[in-house]
Amino acid sequence: MQLLPGFRDFYPEDCARRNYTLSVWREVAARYGFLEYDGPVLEPIELYKKKSGGELLGQLFDFVDKGERHVALRPEMTPTLARMVAARERDFKKPLKWFCAPSFFRYEKQQRGRLREFLQLNCDILGDASPGADAELLALVIDLLRTFGFGPQDFVVRLSDRDAWMQFALGRGVPQERLLDFLGVIDKLERTQEAESRRKLEEFGVELEAVRAFIADPSAEAAKLQGIMADLKARGLAEYVAVDLTIVRGLAYYTGLVFEVFDRNGKERALAGGGRYDALLEVMSDGKVKMPALGFGMGDVVLANMIEEVPAAKARRDAWIASRNAAEVYVVVAEESRRTEALGVVQTLREAGWRTDYALSAAKVGKQFQVAETLGAKFAVVIGAEWPEVKVKDLATREERLVAAENVATLGRA
RNA sequence: GUGGCCGUAGCUCAAUGGUAGAGCUCCAGAUUGUGAUUCUGGCUGUUGCGGGUUCGAGUCCCGUCGGUCACCCCA
């Protein structure tokens, strides 16, 4: 049997790497005062049909369940979060700073950095419309990547502002109901032939030159971004950020700030992306709850590719994994007749908190030491003729010392 | 969803249309209370799958599944 395309098995080495990613995500999010939450993997398809829009709809992993409900595996968290917060809005002090790091599903052809099931960290700030909240979220993105071992030479956060684009468009006579279509053209500007872009823009009565001039000099209409930049500069994080109005993003619900994080080499897809969705909670609650909000997602697939490519990040990850190796202590049963005593020693060590392993059946002493080495154990405890004493060997220095069996948990270091 | 390339042992790969191989890994032994190296032996294939051409197909043709890259888009 083959795996379904785009899905992964996690062997122990893969699981260790995934756990490292999750560990950093949770640690840094907590450092910023974010609380973890979660929601269902499966949602009614309407949740996404109404809110996400654009390409995401074509990528829904959906089916009809036995109750004839049309359902979809979650492709993103924001609609679920918006529903959750809208339902119990009065129970929480503002602003809310929440995160989650579950699996998501998108039905698309798999490629480098793209699978059908992936992990994604989601961090959101709800109930604060200030640029200070924008900057706080961006600082979190940056610190997450710094904690993985990436520096300003490895990644850049590209900032843009949909408000600025909407003012630009409305000021040039683009009708309100066609704004999303207009933004779609801007989004594809870099990937489309010039003549094609020019033709599409003319449908909106906008000249390509005006768009290019606006992108080239964002300061005129994107003052908000300058304020965010100043905030990040005060934190010493300015070198990680650049204003880039070509970023628009495909999701329909974004309103103000939008951003994407890219590797500096340009080899990978976006590492993370997000923005403001100030109107979404009102839509989700049928007008009952109005709450500004913003958030971002960071996927594990591109992140893992980049960790593999940046030596500093890879070394940090491997050190983390090595520090959680399978065994700290390996009990060597030198004389099989002492197995009963050895089992007692194993139990004593484990109850003292040592990660302890041993040979489940009779094996040669040399073989047992070899296994101890392979497992990365720091100590070997040899059970044999010395009983009721045992020999504790430091596997790095090869020093040995005799310790009374009852004191074995000290490993001779007391 | 569209197009290019690829698919041989667990992994990396070889094999003019003519007997399917090598290295690595893994397991065991050389080594009866100490980790390395080395040496020896052992395990593994419906050549992704299904058809077709041929005296004969891993090799050529068609289909299909999977992978990969580009488009699309984004985590």
# chains A, B, ... in the order shown; residues from 1 in each chain; ligands from 1
call {"tool": "interface_residues", "arguments": {"of": "chain A", "to": "chain B", "cutoff": "7 Å", "atoms": "only C-alpha atoms (C1' of nucleotides)", "output": "PyMOL selection string"}}
result
chain A and resi 55+120+271-272+297-299+334+365-366+369-370+373
call {"tool": "closest_atom_pairs", "arguments": {"of": "region 14-118 of chain A", "to": "region 134-140 of chain A", "cutoff": "9 Å", "atoms": "only C-alpha atoms", "output": "tab-separated table"}}
result
residue	atom	partner	partner_atom	distance
A:Val28	CA	A:Leu140	CA	7.6
A:Ala29	CA	A:Leu140	CA	7.3
A:Tyr32	CA	A:Leu140	CA	7.0
call {"tool": "atom_distance", "arguments": {"atom1": "CA of Ala409 (chain A)", "atom2": "CA of Ile321 (chain A)"}}
result
24.1 Å
